[in-house]
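Trainee: input_21.pdb is reproduced below (PDB, C-alpha atoms, pLDDT in the B column).
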```
ATOM      1  CA  ARG A   1       0.000   0.000   0.000  1.00 88.00           C
ATOM      2  CA  GLU A   2       1.078   3.542  -0.672  1.00 95.00           C
ATOM      3  CA  CYS A   3      -0.151   6.947   0.453  1.00 97.00           C
ATOM      4  CA  THR A   4       1.134  10.093  -1.248  1.00 97.00           C
ATOM      5  CA  LEU A   5       0.506  13.777  -0.730  1.00 97.00           C
ATOM      6  CA  THR A   6       1.603  16.230  -3.434  1.00 97.00           C
ATOM      7  CA  ALA A   7       0.828  19.805  -4.455  1.00 96.00           C
ATOM      8  CA  PHE A   8       1.244  21.321  -7.901  1.00 96.00           C
ATOM      9  CA  PRO A   9       0.619  24.762  -9.367  1.00 96.00           C
ATOM     10  CA  GLY A  10      -2.582  25.084 -11.377  1.00 94.00           C
ATOM     11  CA  ASP A  11      -4.945  22.196 -12.010  1.00 89.00           C
ATOM     12  CA  VAL A  12      -2.322  19.867 -13.580  1.00 90.00           C
ATOM     13  CA  GLY A  13      -4.520  19.112 -16.579  1.00 92.00           C
ATOM     14  CA  GLY A  14      -7.824  18.932 -14.717  1.00 93.00           C
ATOM     15  CA  LEU A  15      -9.749  16.242 -12.913  1.00 95.00           C
ATOM     16  CA  GLU A  16     -10.427  14.105 -15.984  1.00 95.00           C
ATOM     17  CA  ALA A  17      -6.779  14.003 -17.097  1.00 96.00           C
ATOM     18  CA  ASN A  18      -5.661  13.029 -13.610  1.00 96.00           C
ATOM     19  CA  ALA A  19      -8.382  10.366 -13.305  1.00 97.00           C
ATOM     20  CA  ARG A  20      -7.257   8.862 -16.637  1.00 96.00           C
ATOM     21  CA  ARG A  21      -3.629   8.830 -15.435  1.00 95.00           C
ATOM     22  CA  TRP A  22      -4.615   7.115 -12.177  1.00 96.00           C
ATOM     23  CA  LEU A  23      -6.723   4.544 -14.017  1.00 96.00           C
ATOM     24  CA  GLY A  24      -3.614   3.791 -16.084  1.00 95.00           C
ATOM     25  CA  GLN A  25      -1.578   3.367 -12.904  1.00 94.00           C
ATOM     26  CA  LEU A  26      -4.197   0.860 -11.713  1.00 95.00           C
ATOM     27  CA  ASN A  27      -4.198  -0.885 -15.129  1.00 93.00           C
ATOM     28  CA  VAL A  28      -7.944  -0.222 -15.406  1.00 92.00           C
ATOM     29  CA  ALA A  29      -9.695   0.951 -18.573  1.00 90.00           C
ATOM     30  CA  SER A  30     -11.601   4.214 -18.359  1.00 89.00           C
ATOM     31  CA  PRO A  31     -15.297   3.603 -17.791  1.00 88.00           C
ATOM     32  CA  ASP A  32     -17.607   4.376 -20.701  1.00 90.00           C
ATOM     33  CA  ASP A  33     -19.054   7.217 -18.644  1.00 93.00           C
ATOM     34  CA  LEU A  34     -15.945   8.761 -17.075  1.00 94.00           C
ATOM     35  CA  THR A  35     -17.723  12.125 -16.927  1.00 94.00           C
ATOM     36  CA  GLY A  36     -20.549  10.562 -14.910  1.00 95.00           C
ATOM     37  CA  PHE A  37     -18.041   8.846 -12.605  1.00 95.00           C
ATOM     38  CA  LEU A  38     -16.324  12.178 -11.940  1.00 96.00           C
ATOM     39  CA  GLU A  39     -19.594  14.072 -11.468  1.00 95.00           C
ATOM     40  CA  ALA A  40     -20.687  11.459  -8.926  1.00 95.00           C
ATOM     41  CA  ALA A  41     -17.458  11.895  -6.932  1.00 96.00           C
ATOM     42  CA  GLU A  42     -18.098  13.063  -3.405  1.00 97.00           C
ATOM     43  CA  SER A  43     -17.501  16.734  -2.616  1.00 97.00           C
ATOM     44  CA  ILE A  44     -15.250  17.210   0.393  1.00 97.00           C
ATOM     45  CA  SER A  45     -14.228  20.145   2.568  1.00 97.00           C
ATOM     46  CA  THR A  46     -11.187  20.455   4.756  1.00 97.00           C
ATOM     47  CA  ASP A  47     -11.210  21.786   8.308  1.00 96.00           C
ATOM     48  CA  ALA A  48      -9.618  24.956   6.854  1.00 96.00           C
ATOM     49  CA  GLY A  49     -12.506  25.421   4.400  1.00 97.00           C
ATOM     50  CA  LEU A  50     -10.778  24.190   1.247  1.00 97.00           C
ATOM     51  CA  GLU A  51     -13.017  22.424  -1.270  1.00 97.00           C
ATOM     52  CA  GLY A  52     -12.366  19.362  -3.355  1.00 97.00           C
ATOM     53  CA  ARG A  53     -13.509  15.954  -4.539  1.00 97.00           C
ATOM     54  CA  LEU A  54     -12.935  12.417  -3.322  1.00 98.00           C
ATOM     55  CA  LEU A  55     -12.622   9.825  -6.074  1.00 98.00           C
ATOM     56  CA  ASP A  56     -13.181   6.200  -5.122  1.00 97.00           C
ATOM     57  CA  PHE A  57     -11.853   3.837  -7.797  1.00 97.00           C
ATOM     58  CA  ARG A  58     -12.828   0.618  -5.967  1.00 95.00           C
ATOM     59  CA  SER A  59     -15.928   0.068  -8.111  1.00 92.00           C
ATOM     60  CA  LEU A  60     -13.806   0.100 -11.284  1.00 93.00           C
ATOM     61  CA  VAL A  61     -11.240  -2.516 -10.212  1.00 92.00           C
ATOM     62  CA  ILE A  62     -12.001  -6.141 -10.947  1.00 86.00           C
ATOM     63  CA  GLY A  63     -10.457  -8.856  -8.800  1.00 82.00           C
ATOM     64  CA  GLU A  64      -7.806  -8.486  -6.148  1.00 83.00           C
ATOM     65  CA  GLY A  65      -5.711  -5.753  -7.775  1.00 87.00           C
ATOM     66  CA  ASP A  66      -4.928  -2.404  -6.223  1.00 95.00           C
ATOM     67  CA  ALA A  67      -7.625   0.248  -6.084  1.00 97.00           C
ATOM     68  CA  MET A  68      -7.352   3.904  -5.095  1.00 98.00           C
ATOM     69  CA  LEU A  69      -8.917   6.678  -3.071  1.00 98.00           C
ATOM     70  CA  ALA A  70      -7.888  10.115  -4.321  1.00 98.00           C
ATOM     71  CA  GLY A  71      -8.593  13.465  -2.738  1.00 98.00           C
ATOM     72  CA  VAL A  72      -8.239  16.478  -5.041  1.00 98.00           C
ATOM     73  CA  ILE A  73      -8.245  19.730  -3.072  1.00 97.00           C
ATOM     74  CA  LYS A  74      -7.945  23.274  -4.451  1.00 96.00           C
ATOM     75  CA  LYS A  75      -5.891  25.839  -2.529  1.00 95.00           C
ATOM     76  CA  ASP A  76      -5.358  29.229  -4.117  1.00 93.00           C
ATOM     77  CA  ASN A  77      -3.537  28.542  -7.404  1.00 94.00           C
ATOM     78  CA  PHE A  78      -2.500  25.020  -6.377  1.00 96.00           C
ATOM     79  CA  THR A  79      -4.049  21.576  -6.431  1.00 97.00           C
ATOM     80  CA  ILE A  80      -3.291  19.191  -3.581  1.00 97.00           C
ATOM     81  CA  PHE A  81      -3.520  15.474  -4.321  1.00 97.00           C
ATOM     82  CA  ALA A  82      -3.852  12.877  -1.579  1.00 98.00           C
ATOM     83  CA  LYS A  83      -3.819   9.306  -2.907  1.00 98.00           C
ATOM     84  CA  LEU A  84      -4.102   5.976  -1.134  1.00 98.00           C
ATOM     85  CA  THR A  85      -3.392   2.940  -3.312  1.00 98.00           C
ATOM     86  CA  ALA A  86      -3.952  -0.565  -1.934  1.00 97.00           C
ATOM     87  CA  PRO A  87      -6.232  -3.582  -2.360  1.00 96.00           C
ATOM     88  CA  ALA A  88      -9.913  -2.729  -1.815  1.00 94.00           C
ATOM     89  CA  SER A  89      -9.959  -4.579   1.515  1.00 94.00           C
ATOM     90  CA  VAL A  90      -7.162  -2.353   2.838  1.00 95.00           C
ATOM     91  CA  LEU A  91      -8.880   0.784   1.520  1.00 97.00           C
ATOM     92  CA  ALA A  92     -12.022  -0.205   3.408  1.00 95.00           C
ATOM     93  CA  THR A  93     -10.010  -0.521   6.627  1.00 97.00           C
ATOM     94  CA  GLU A  94      -8.073   2.733   6.096  1.00 97.00           C
ATOM     95  CA  GLU A  95     -10.789   4.874   4.482  1.00 97.00           C
ATOM     96  CA  GLU A  96     -11.679   6.901   7.578  1.00 97.00           C
ATOM     97  CA  ARG A  97      -8.005   7.679   8.289  1.00 97.00           C
ATOM     98  CA  PHE A  98      -7.577   8.774   4.675  1.00 98.00           C
ATOM     99  CA  ARG A  99     -10.644  11.008   4.943  1.00 97.00           C
ATOM    100  CA  ALA A 100      -9.195  12.501   8.141  1.00 98.00           C
ATOM    101  CA  LEU A 101      -5.952  13.224   6.267  1.00 97.00           C
ATOM    102  CA  CYS A 102      -7.907  14.992   3.506  1.00 98.00           C
ATOM    103  CA  ARG A 103      -9.902  17.021   6.052  1.00 97.00           C
ATOM    104  CA  SER A 104      -6.672  18.108   7.766  1.00 97.00           C
ATOM    105  CA  LEU A 105      -5.213  19.778   4.652  1.00 96.00           C
ATOM    106  CA  ARG A 106      -4.580  23.500   4.905  1.00 93.00           C
TER     107      ARG A 106
END
```
Represent the structure contained in this file as structure tokens.
Mentor:
Amino acid sequence: RECTLTAFPGDVGGLEANARRWLGQLNVASPDDLTGFLEAAESISTDAGLEGRLLDFRSLVIGEGDAMLAGVIKKDNFTIFAKLTAPASVLATEEERFRALCRSLR
């Protein structure tokens, strides 16, 4: 399992481009309705009032391969990415801690 936290200037290509890149990292084909998947992503807010989205890729992974939770948070002219990659069973166990990490971002 791996958890990363990065920040980049701008939107780094946008939500769709990043979702496609992450699907590639998971060796999962883009769903036919990627736009719908992204629109259905949960809106999240940090304790500091920053807004973002939480993408849950578990439903797109078949079998025992790695899945991903990804928080995408906007701060001024930056985008903060929090990603947790692990088998779905591990993500289920660690999901609340990952959400707490996303909420803590300033």
Trainee: As a list in words, please: the residues near region 85-94 of chain A (cut-off 6 Å, only C-alpha atoms, same-chain neighbours under 6 positions excluded).
Mentor: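 My list of contacting residues is Arg1, Glu2, Gly65, Asp66, Ala67 and Met68 of chain A.
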Trainee: Neighbouring residues of Phe98 (chain A) were defined as those with any atom within 10 Å, considering all atoms listed in the file; residues of the same chain fewer than 2 positions away were excluded. Please report them as a ChimeraX atom specification.
Mentor: /A:3,69-71,82-84,91,93-96,100-104
Trainee: Residues picked by the PyMOL selection byres ((chain A and resi 105) around 12) here, as a PDB file with C-alpha atoms, in the coordinates of the input?
Mentor:
```
ATOM      1  CA  LEU A   5       0.506  13.777  -0.730  1.00 97.00           C
ATOM      2  CA  THR A   6       1.603  16.230  -3.434  1.00 97.00           C
ATOM      3  CA  ALA A   7       0.828  19.805  -4.455  1.00 96.00           C
ATOM      4  CA  ILE A  44     -15.250  17.210   0.393  1.00 97.00           C
ATOM      5  CA  SER A  45     -14.228  20.145   2.568  1.00 97.00           C
ATOM      6  CA  THR A  46     -11.187  20.455   4.756  1.00 97.00           C
ATOM      7  CA  ASP A  47     -11.210  21.786   8.308  1.00 96.00           C
ATOM      8  CA  ALA A  48      -9.618  24.956   6.854  1.00 96.00           C
ATOM      9  CA  GLY A  49     -12.506  25.421   4.400  1.00 97.00           C
ATOM     10  CA  LEU A  50     -10.778  24.190   1.247  1.00 97.00           C
ATOM     11  CA  GLU A  51     -13.017  22.424  -1.270  1.00 97.00           C
ATOM     12  CA  GLY A  52     -12.366  19.362  -3.355  1.00 97.00           C
ATOM     13  CA  GLY A  71      -8.593  13.465  -2.738  1.00 98.00           C
ATOM     14  CA  VAL A  72      -8.239  16.478  -5.041  1.00 98.00           C
ATOM     15  CA  ILE A  73      -8.245  19.730  -3.072  1.00 97.00           C
ATOM     16  CA  LYS A  74      -7.945  23.274  -4.451  1.00 96.00           C
ATOM     17  CA  LYS A  75      -5.891  25.839  -2.529  1.00 95.00           C
ATOM     18  CA  THR A  79      -4.049  21.576  -6.431  1.00 97.00           C
ATOM     19  CA  ILE A  80      -3.291  19.191  -3.581  1.00 97.00           C
ATOM     20  CA  PHE A  81      -3.520  15.474  -4.321  1.00 97.00           C
ATOM     21  CA  ALA A  82      -3.852  12.877  -1.579  1.00 98.00           C
ATOM     22  CA  PHE A  98      -7.577   8.774   4.675  1.00 98.00           C
ATOM     23  CA  ARG A  99     -10.644  11.008   4.943  1.00 97.00           C
ATOM     24  CA  ALA A 100      -9.195  12.501   8.141  1.00 98.00           C
ATOM     25  CA  LEU A 101      -5.952  13.224   6.267  1.00 97.00           C
ATOM     26  CA  CYS A 102      -7.907  14.992   3.506  1.00 98.00           C
ATOM     27  CA  ARG A 103      -9.902  17.021   6.052  1.00 97.00           C
ATOM     28  CA  SER A 104      -6.672  18.108   7.766  1.00 97.00           C
ATOM     29  CA  ARG A 106      -4.580  23.500   4.905  1.00 93.00           C
TER      30      ARG A 106
END
```
Trainee: Here is a test: counting all atoms listed in the file, which residue of A:Asn77, A:Val28, A:Arg20, A:Phe8 is nearest to Gly63 (chain A)?
Mentor: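 Selected residue with least distance to Gly63 (chain A): A:Val28.
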Trainee: When distances are computed from only C-alpha atoms, which of A:Glu39, A:Leu23, A:Asn18, A:Phe78 shows the smallest separation from Ser59 (chain A)?
Mentor: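 That would be A:Leu23, the residue with the smallest distance to Ser59 (chain A).
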